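Worksheet: the structure to be examined is printed underneath.
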Amino acid sequence: VPELSADSRYGYRYPIAEKYFGAQARDTLEEMANAGLLERHFYSKELSCPKCGSINVSMRFHCPKCDSTNIKRKKIIEHVVCGFVAPEEEFKEGKCPKCGRELKRMGVDYVEQGVQFQCQDCKDVFQTPVQKLYDPKDNESFLPLDAKEVSLFSYKVTTKLEEELQKALFQKDYISKKLTELGFAPTFPGTVKGKSGIVHEFFMTATAHIGFVKTKIVIDIMGNGRVSEEDILKLYARAVDSGAYGVLVVAVPSISPGARRVADTYGIAITEAPDFQAVGEALVKRFAELVETPEERMFKMFGT
Ligand SMILES: [Zn+2]
Ligand SMILES: [Zn+2]
Ligand SMILES: [Zn+2]
């Protein structure tokens, strides 16, 4: 659900979604809605700055002649008895300046005739001030008609996303079960405090005690199209700092030949999964190959 907030980019934010998606939460929610994972519900219609789209705008009255906002609102009084009309402030001490008589009962001997504005800069007197919206961020004023209309939505998880989440949870269960059978203790997510003091987060870690040696394998899923050489180098640095014994990467859907060469050089095991649904199976299969063929030293030593 959106919440108005002056210091955010669009003038509103999604506090709950930000916990998961960070500062770009609004854009992520839109992407997910476009992908059918979230349902949009109309929340409100707002006017926004035509320049930056922020709805954090306020209404201001301007002088029609000189555009100043330094204008004063005045109540207009008519003394019915003598017909004198003037701003309230001219009826000093409750007396009519024209005939000198006292104003007694509103609606009987005197009436309010509405309001009038006076510009304190150019002294112009007028009935209707120009209404403009003001965006403090851009320091920009614009007419309401020039404002952009923005529809705010709240978002709800669809059944499709629920199913996807179920599948993901099921995959975790599946991976846990299989890796446990292979003698490893799985942890999701794999959070490791590195030698540098930096805390690294991996998709998971799998730990086993073999003799006196604690063997920790870090496993990551890389899903942004083709995995690059830089992605592998960064992962390598994090794994070394984490004191990992081995690294396994599931690339969705594929890894570039260059990145594969880098991975081979550093002893990082790679497997590819065509999509996220296939991750669990691919991961378990490769992991089993690696631990069941120790003579091939599929996992090269890290930090030992
Ligand atoms: Zn703006
Ligand atoms: Zn003026
Ligand atoms: Zn009078």
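Residues are referred to by chain and number: the chain letter is A, B, ... according to the order shown in the structure tokens, the number counts from 1 in that chain, and ligands are numbered separately from 1 in the order shown.
Non-sequential neighbours of Ala239 (chain A) (distance at most 9 Å, separation of 5 or more positions within a chain, only C-alpha atoms) are Gly194, His200, Ile217, Val218, Lys234, Ala244, Tyr245, Gly246, Val247 and Phe302 of chain A.
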Let me see the file: selected residues, C-alpha atoms, as a PDB file, in the first residue's frame.
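Writing the result to part_20.pdb gives the following:
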ATOM      1  CA  GLY A 194      34.195 -13.406   6.092  1.00  0.00           C
ATOM      2  CA  HIS A 200      28.429 -12.489   2.660  1.00  0.00           C
ATOM      3  CA  ILE A 217      30.519 -25.398   0.128  1.00  0.00           C
ATOM      4  CA  VAL A 218      28.922 -22.122  -0.920  1.00  0.00           C
ATOM      5  CA  LYS A 234      33.145 -11.264  -7.576  1.00  0.00           C
ATOM      6  CA  ALA A 244      34.715 -21.802   1.489  1.00  0.00           C
ATOM      7  CA  TYR A 245      36.097 -25.191   0.548  1.00  0.00           C
ATOM      8  CA  GLY A 246      34.282 -25.185  -2.745  1.00  0.00           C
ATOM      9  CA  VAL A 247      31.907 -23.116  -4.845  1.00  0.00           C
ATOM     10  CA  PHE A 302      40.026 -22.660  -1.262  1.00  0.00           C
TER      11      PHE A 302
END
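Residues in contact with region 50-55 of chain A at up to 9 Å, not including ones fewer than 4 positions away on its chain and judged by only C-alpha atoms, are A:Leu4, A:Ala6, A:Ser8, A:Arg9, A:Tyr10, A:Gly11, A:Tyr12, A:Glu46, A:Asp135, A:Lys137, A:Asp138, A:Glu140, A:Phe142, A:Asp146, A:Ala147, A:Lys148, A:Glu149, A:Val150.
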Export N, CA, C and O atoms of the chosen residues as an mmCIF file, in the first residue's frame?
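And here is the file that came out, part.cif:
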data_model
loop_
_atom_site.group_PDB
_atom_site.id
_atom_site.type_symbol
_atom_site.label_atom_id
_atom_site.label_comp_id
_atom_site.auth_asym_id
_atom_site.auth_seq_id
_atom_site.Cartn_x
_atom_site.Cartn_y
_atom_site.Cartn_z
ATOM 1 N N LEU A 4 2.354 8.397 1.480
ATOM 2 C CA LEU A 4 2.941 9.666 1.056
ATOM 3 C C LEU A 4 4.228 9.902 1.821
ATOM 4 O O LEU A 4 4.307 9.647 3.021
ATOM 5 N N ALA A 6 7.554 12.778 1.620
ATOM 6 C CA ALA A 6 8.138 13.925 0.931
ATOM 7 C C ALA A 6 9.547 13.646 0.415
ATOM 8 O O ALA A 6 9.941 14.178 -0.614
ATOM 9 N N SER A 8 10.864 10.888 -0.759
ATOM 10 C CA SER A 8 11.097 9.833 -1.742
ATOM 11 C C SER A 8 10.976 10.400 -3.147
ATOM 12 O O SER A 8 10.407 11.472 -3.357
ATOM 13 N N ARG A 9 11.493 9.670 -4.108
ATOM 14 C CA ARG A 9 11.606 10.143 -5.476
ATOM 15 C C ARG A 9 10.269 10.569 -6.091
ATOM 16 O O ARG A 9 10.174 11.588 -6.765
ATOM 17 N N TYR A 10 9.216 9.772 -5.888
ATOM 18 C CA TYR A 10 7.924 10.067 -6.505
ATOM 19 C C TYR A 10 6.955 10.755 -5.536
ATOM 20 O O TYR A 10 5.802 10.963 -5.847
ATOM 21 N N GLY A 11 7.430 11.026 -4.310
ATOM 22 C CA GLY A 11 6.550 11.646 -3.328
ATOM 23 C C GLY A 11 5.713 10.620 -2.586
ATOM 24 O O GLY A 11 4.900 10.977 -1.748
ATOM 25 N N TYR A 12 5.867 9.352 -2.935
ATOM 26 C CA TYR A 12 5.195 8.276 -2.199
ATOM 27 C C TYR A 12 6.078 7.047 -2.279
ATOM 28 O O TYR A 12 6.969 6.950 -3.110
ATOM 29 N N GLU A 46 -3.592 11.197 -8.217
ATOM 30 C CA GLU A 46 -2.871 12.365 -7.706
ATOM 31 C C GLU A 46 -2.380 13.215 -8.866
ATOM 32 O O GLU A 46 -2.268 12.748 -9.991
ATOM 33 N N ASP A 135 6.202 22.272 -6.630
ATOM 34 C CA ASP A 135 7.040 21.112 -6.284
ATOM 35 C C ASP A 135 8.317 21.628 -5.622
ATOM 36 O O ASP A 135 9.152 22.237 -6.290
ATOM 37 N N LYS A 137 10.928 20.122 -4.636
ATOM 38 C CA LYS A 137 12.170 19.469 -5.061
ATOM 39 C C LYS A 137 12.776 20.176 -6.273
ATOM 40 O O LYS A 137 13.960 20.441 -6.326
ATOM 41 N N ASP A 138 11.900 20.457 -7.262
ATOM 42 C CA ASP A 138 12.367 21.145 -8.467
ATOM 43 C C ASP A 138 12.245 22.653 -8.329
ATOM 44 O O ASP A 138 12.631 23.385 -9.237
ATOM 45 N N GLU A 140 9.535 24.326 -8.588
ATOM 46 C CA GLU A 140 8.793 24.583 -9.822
ATOM 47 C C GLU A 140 7.311 24.796 -9.508
ATOM 48 O O GLU A 140 6.732 24.034 -8.745
ATOM 49 N N PHE A 142 3.467 25.233 -11.322
ATOM 50 C CA PHE A 142 2.779 24.963 -12.588
ATOM 51 C C PHE A 142 1.280 24.948 -12.366
ATOM 52 O O PHE A 142 0.801 24.735 -11.240
ATOM 53 N N ASP A 146 -1.608 21.665 -16.146
ATOM 54 C CA ASP A 146 -0.347 21.191 -16.732
ATOM 55 C C ASP A 146 0.249 20.033 -15.937
ATOM 56 O O ASP A 146 1.255 19.449 -16.332
ATOM 57 N N ALA A 147 -0.368 19.723 -14.774
ATOM 58 C CA ALA A 147 0.153 18.627 -13.950
ATOM 59 C C ALA A 147 -0.106 17.294 -14.636
ATOM 60 O O ALA A 147 -1.023 17.171 -15.460
ATOM 61 N N LYS A 148 0.713 16.337 -14.327
ATOM 62 C CA LYS A 148 0.510 14.980 -14.848
ATOM 63 C C LYS A 148 -0.378 14.245 -13.858
ATOM 64 O O LYS A 148 -0.225 14.384 -12.663
ATOM 65 N N GLU A 149 -1.321 13.465 -14.387
ATOM 66 C CA GLU A 149 -2.154 12.659 -13.490
ATOM 67 C C GLU A 149 -1.451 11.342 -13.210
ATOM 68 O O GLU A 149 -0.905 10.718 -14.119
ATOM 69 N N VAL A 150 -1.445 10.968 -11.960
ATOM 70 C CA VAL A 150 -0.790 9.714 -11.578
ATOM 71 C C VAL A 150 -1.788 8.858 -10.808
ATOM 72 O O VAL A 150 -2.427 9.338 -9.878
#
From a DSSP pass on the backbone, collect the residues of region 28-272 of chain A flagged as helix (DSSP H, G or I) and hand them back as a PyMOL selection string.
chain A and resi 28-34+88-90+92-94+144-146+159-181+229-241+257-265
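Minimum distance to ligand 2 across A:Cys99, A:Asp121, A:Arg26, A:Glu88 (counting only C-alpha atoms and all ligand atoms) occurs at A:Asp121.
Of the residues listed (A:Glu229, A:Glu93, A:Glu112, A:Asp275), A:Asp275 shows the shortest atom-to-atom separation from Ala168 (chain A); distances use only C-alpha atoms.
Reported to one decimal place, the separation of CA of Gln277 (chain A) from CA of Gly183 (chain A) is 24.3 Å.
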Just the number, please: distance in Å from CA of Ser254 (chain A) to CA of Ile232 (chain A), one decimal.
12.9 Å
Please report, as a ChimeraX atom specification, each residue of region 55-175 of chain A to which DSSP assigns strand (DSSP E or B) when run on this structure's backbone.
/A:58-62,71-79,84-87,95,102,106,110-119,125-126,130-135,140-142,148-157
Write out as a short mmCIF file (atom, residue, chain, number, x, y, z; two decimals) with N, CA and C atoms, in the first residue's frame which residues come within 10 Å of Asp124 (chain A) when counting only C-alpha atoms, dropping same-chain ones fewer than 5 positions away.
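Written out: result_12.cif:
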data_model
loop_
_atom_site.label_atom_id
_atom_site.label_comp_id
_atom_site.auth_asym_id
_atom_site.auth_seq_id
_atom_site.Cartn_x
_atom_site.Cartn_y
_atom_site.Cartn_z
N CYS A 63 -0.74 36.04 -7.39
CA CYS A 63 -1.31 37.27 -7.92
C CYS A 63 -1.42 37.15 -9.44
N PRO A 64 -2.63 37.41 -10.02
CA PRO A 64 -2.79 37.27 -11.48
C PRO A 64 -1.96 38.28 -12.27
N LYS A 65 -1.54 39.35 -11.60
CA LYS A 65 -0.81 40.41 -12.31
C LYS A 65 0.70 40.16 -12.28
N CYS A 66 1.25 39.96 -11.07
CA CYS A 66 2.71 39.85 -10.98
C CYS A 66 3.21 38.48 -10.55
N ILE A 71 0.11 37.35 -1.11
CA ILE A 71 -1.20 37.98 -1.24
C ILE A 71 -2.00 37.80 0.04
N PHE A 117 -8.86 39.56 -2.66
CA PHE A 117 -7.43 39.38 -2.39
C PHE A 117 -6.68 40.64 -2.78
N GLN A 118 -5.63 40.90 -2.03
CA GLN A 118 -4.76 41.99 -2.45
C GLN A 118 -3.32 41.52 -2.44
N CYS A 119 -2.63 41.79 -3.54
CA CYS A 119 -1.22 41.45 -3.66
C CYS A 119 -0.42 42.46 -2.83
#
How many Å separate CA of Arg73 (chain A) from CA of Tyr134 (chain A)?
19.7 Å
Please produce, as JSON lines, a per-residue contact table for chain A versus ligand 3 (criterion: any atom at most 9 Å away, only C-alpha atoms and all ligand atoms considered), showing the nearest atom pair and its distance in Å to one decimal, sorted by chain then residue number.
{"residue": "A:Glu78", "atom": "CA", "partner": "ligand 3", "partner_atom_place_in_ligand_line": "1 (Zn)", "distance": 8.3}
{"residue": "A:His79", "atom": "CA", "partner": "ligand 3", "partner_atom_place_in_ligand_line": "1 (Zn)", "distance": 5.1}
{"residue": "A:Val80", "atom": "CA", "partner": "ligand 3", "partner_atom_place_in_ligand_line": "1 (Zn)", "distance": 7.3}
{"residue": "A:Val81", "atom": "CA", "partner": "ligand 3", "partner_atom_place_in_ligand_line": "1 (Zn)", "distance": 5.9}
{"residue": "A:Cys82", "atom": "CA", "partner": "ligand 3", "partner_atom_place_in_ligand_line": "1 (Zn)", "distance": 4.3}
{"residue": "A:Gly83", "atom": "CA", "partner": "ligand 3", "partner_atom_place_in_ligand_line": "1 (Zn)", "distance": 6.4}
{"residue": "A:Phe84", "atom": "CA", "partner": "ligand 3", "partner_atom_place_in_ligand_line": "1 (Zn)", "distance": 5.5}
{"residue": "A:Val85", "atom": "CA", "partner": "ligand 3", "partner_atom_place_in_ligand_line": "1 (Zn)", "distance": 8.6}
{"residue": "A:Lys95", "atom": "CA", "partner": "ligand 3", "partner_atom_place_in_ligand_line": "1 (Zn)", "distance": 7.8}
{"residue": "A:Cys96", "atom": "CA", "partner": "ligand 3", "partner_atom_place_in_ligand_line": "1 (Zn)", "distance": 4.6}
{"residue": "A:Pro97", "atom": "CA", "partner": "ligand 3", "partner_atom_place_in_ligand_line": "1 (Zn)", "distance": 6.7}
{"residue": "A:Lys98", "atom": "CA", "partner": "ligand 3", "partner_atom_place_in_ligand_line": "1 (Zn)", "distance": 5.1}
{"residue": "A:Cys99", "atom": "CA", "partner": "ligand 3", "partner_atom_place_in_ligand_line": "1 (Zn)", "distance": 4.1}
{"residue": "A:Gly100", "atom": "CA", "partner": "ligand 3", "partner_atom_place_in_ligand_line": "1 (Zn)", "distance": 6.2}
{"residue": "A:Arg101", "atom": "CA", "partner": "ligand 3", "partner_atom_place_in_ligand_line": "1 (Zn)", "distance": 6.0}
{"residue": "A:Glu102", "atom": "CA", "partner": "ligand 3", "partner_atom_place_in_ligand_line": "1 (Zn)", "distance": 8.1}
{"residue": "A:Leu103", "atom": "CA", "partner": "ligand 3", "partner_atom_place_in_ligand_line": "1 (Zn)", "distance": 8.2}
{"residue": "A:Tyr110", "atom": "CA", "partner": "ligand 3", "partner_atom_place_in_ligand_line": "1 (Zn)", "distance": 8.8}
Keeping only N, CA and C atoms, write the selected residues to a file as a PDB file, in the first residue's frame.
ATOM      1  N   GLU A  78     -20.460  44.914   3.592  1.00  0.00           N
ATOM      2  CA  GLU A  78     -21.346  45.977   3.089  1.00  0.00           C
ATOM      3  C   GLU A  78     -22.199  46.491   4.253  1.00  0.00           C
ATOM      4  N   HIS A  79     -22.117  47.813   4.488  1.00  0.00           N
ATOM      5  CA  HIS A  79     -22.994  48.416   5.492  1.00  0.00           C
ATOM      6  C   HIS A  79     -24.316  48.708   4.811  1.00  0.00           C
ATOM      7  N   VAL A  80     -25.329  47.851   5.033  1.00  0.00           N
ATOM      8  CA  VAL A  80     -26.591  47.919   4.293  1.00  0.00           C
ATOM      9  C   VAL A  80     -27.283  49.276   4.500  1.00  0.00           C
ATOM     10  N   VAL A  81     -27.154  49.787   5.709  1.00  0.00           N
ATOM     11  CA  VAL A  81     -27.825  51.051   6.060  1.00  0.00           C
ATOM     12  C   VAL A  81     -27.441  52.182   5.109  1.00  0.00           C
ATOM     13  N   CYS A  82     -26.132  52.330   4.797  1.00  0.00           N
ATOM     14  CA  CYS A  82     -25.708  53.434   3.922  1.00  0.00           C
ATOM     15  C   CYS A  82     -25.157  52.971   2.584  1.00  0.00           C
ATOM     16  N   GLY A  83     -24.997  51.638   2.433  1.00  0.00           N
ATOM     17  CA  GLY A  83     -24.528  51.097   1.150  1.00  0.00           C
ATOM     18  C   GLY A  83     -23.025  51.103   0.966  1.00  0.00           C
ATOM     19  N   PHE A  84     -22.270  51.401   2.008  1.00  0.00           N
ATOM     20  CA  PHE A  84     -20.811  51.440   1.893  1.00  0.00           C
ATOM     21  C   PHE A  84     -20.227  50.018   1.858  1.00  0.00           C
ATOM     22  N   VAL A  85     -19.322  49.798   0.915  1.00  0.00           N
ATOM     23  CA  VAL A  85     -18.673  48.476   0.775  1.00  0.00           C
ATOM     24  C   VAL A  85     -17.162  48.645   0.888  1.00  0.00           C
ATOM     25  N   LYS A  95     -17.138  50.499  13.516  1.00  0.00           N
ATOM     26  CA  LYS A  95     -17.952  51.617  13.007  1.00  0.00           C
ATOM     27  C   LYS A  95     -17.763  51.777  11.508  1.00  0.00           C
ATOM     28  N   CYS A  96     -18.810  52.242  10.823  1.00  0.00           N
ATOM     29  CA  CYS A  96     -18.742  52.459   9.389  1.00  0.00           C
ATOM     30  C   CYS A  96     -17.963  53.752   9.123  1.00  0.00           C
ATOM     31  N   PRO A  97     -16.927  53.704   8.286  1.00  0.00           N
ATOM     32  CA  PRO A  97     -16.122  54.908   8.046  1.00  0.00           C
ATOM     33  C   PRO A  97     -16.872  55.964   7.229  1.00  0.00           C
ATOM     34  N   LYS A  98     -17.969  55.533   6.561  1.00  0.00           N
ATOM     35  CA  LYS A  98     -18.681  56.509   5.732  1.00  0.00           C
ATOM     36  C   LYS A  98     -19.743  57.273   6.535  1.00  0.00           C
ATOM     37  N   CYS A  99     -20.593  56.515   7.268  1.00  0.00           N
ATOM     38  CA  CYS A  99     -21.678  57.177   7.990  1.00  0.00           C
ATOM     39  C   CYS A  99     -21.443  57.274   9.501  1.00  0.00           C
ATOM     40  N   GLY A 100     -20.403  56.590   9.989  1.00  0.00           N
ATOM     41  CA  GLY A 100     -20.037  56.705  11.393  1.00  0.00           C
ATOM     42  C   GLY A 100     -20.896  55.886  12.342  1.00  0.00           C
ATOM     43  N   ARG A 101     -21.928  55.192  11.788  1.00  0.00           N
ATOM     44  CA  ARG A 101     -22.758  54.402  12.679  1.00  0.00           C
ATOM     45  C   ARG A 101     -22.083  53.064  13.042  1.00  0.00           C
ATOM     46  N   GLU A 102     -22.514  52.488  14.147  1.00  0.00           N
ATOM     47  CA  GLU A 102     -21.962  51.217  14.604  1.00  0.00           C
ATOM     48  C   GLU A 102     -22.552  50.057  13.806  1.00  0.00           C
ATOM     49  N   LEU A 103     -21.731  49.035  13.550  1.00  0.00           N
ATOM     50  CA  LEU A 103     -22.251  47.817  12.927  1.00  0.00           C
ATOM     51  C   LEU A 103     -22.882  47.000  14.039  1.00  0.00           C
ATOM     52  N   TYR A 110     -25.599  44.957   8.438  1.00  0.00           N
ATOM     53  CA  TYR A 110     -24.422  44.794   7.560  1.00  0.00           C
ATOM     54  C   TYR A 110     -24.310  43.332   7.117  1.00  0.00           C
TER      55      TYR A 110
END
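Among the candidates A:Asp27, A:Val111, A:Asn56, A:Val130, the residue lying nearest to ligand 2 is A:Val130 (atoms considered: only C-alpha atoms and all ligand atoms).
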Residue among A:Leu283, A:Val192, A:Ile270, A:Cys122 lying closest to ligand 2, counting only C-alpha atoms and all ligand atoms:
A:Cys122
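Taking only C-alpha atoms into account, His41 (chain A) lies nearest to A:Phe153 out of the set A:Asp7, A:Ala86, A:Phe153, A:Arg105.
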Of the listed residues A:Ile77, A:Met222, A:Val125, A:Leu143, that which approaches Ala273 (chain A) most closely, counting only C-alpha atoms
A:Met222
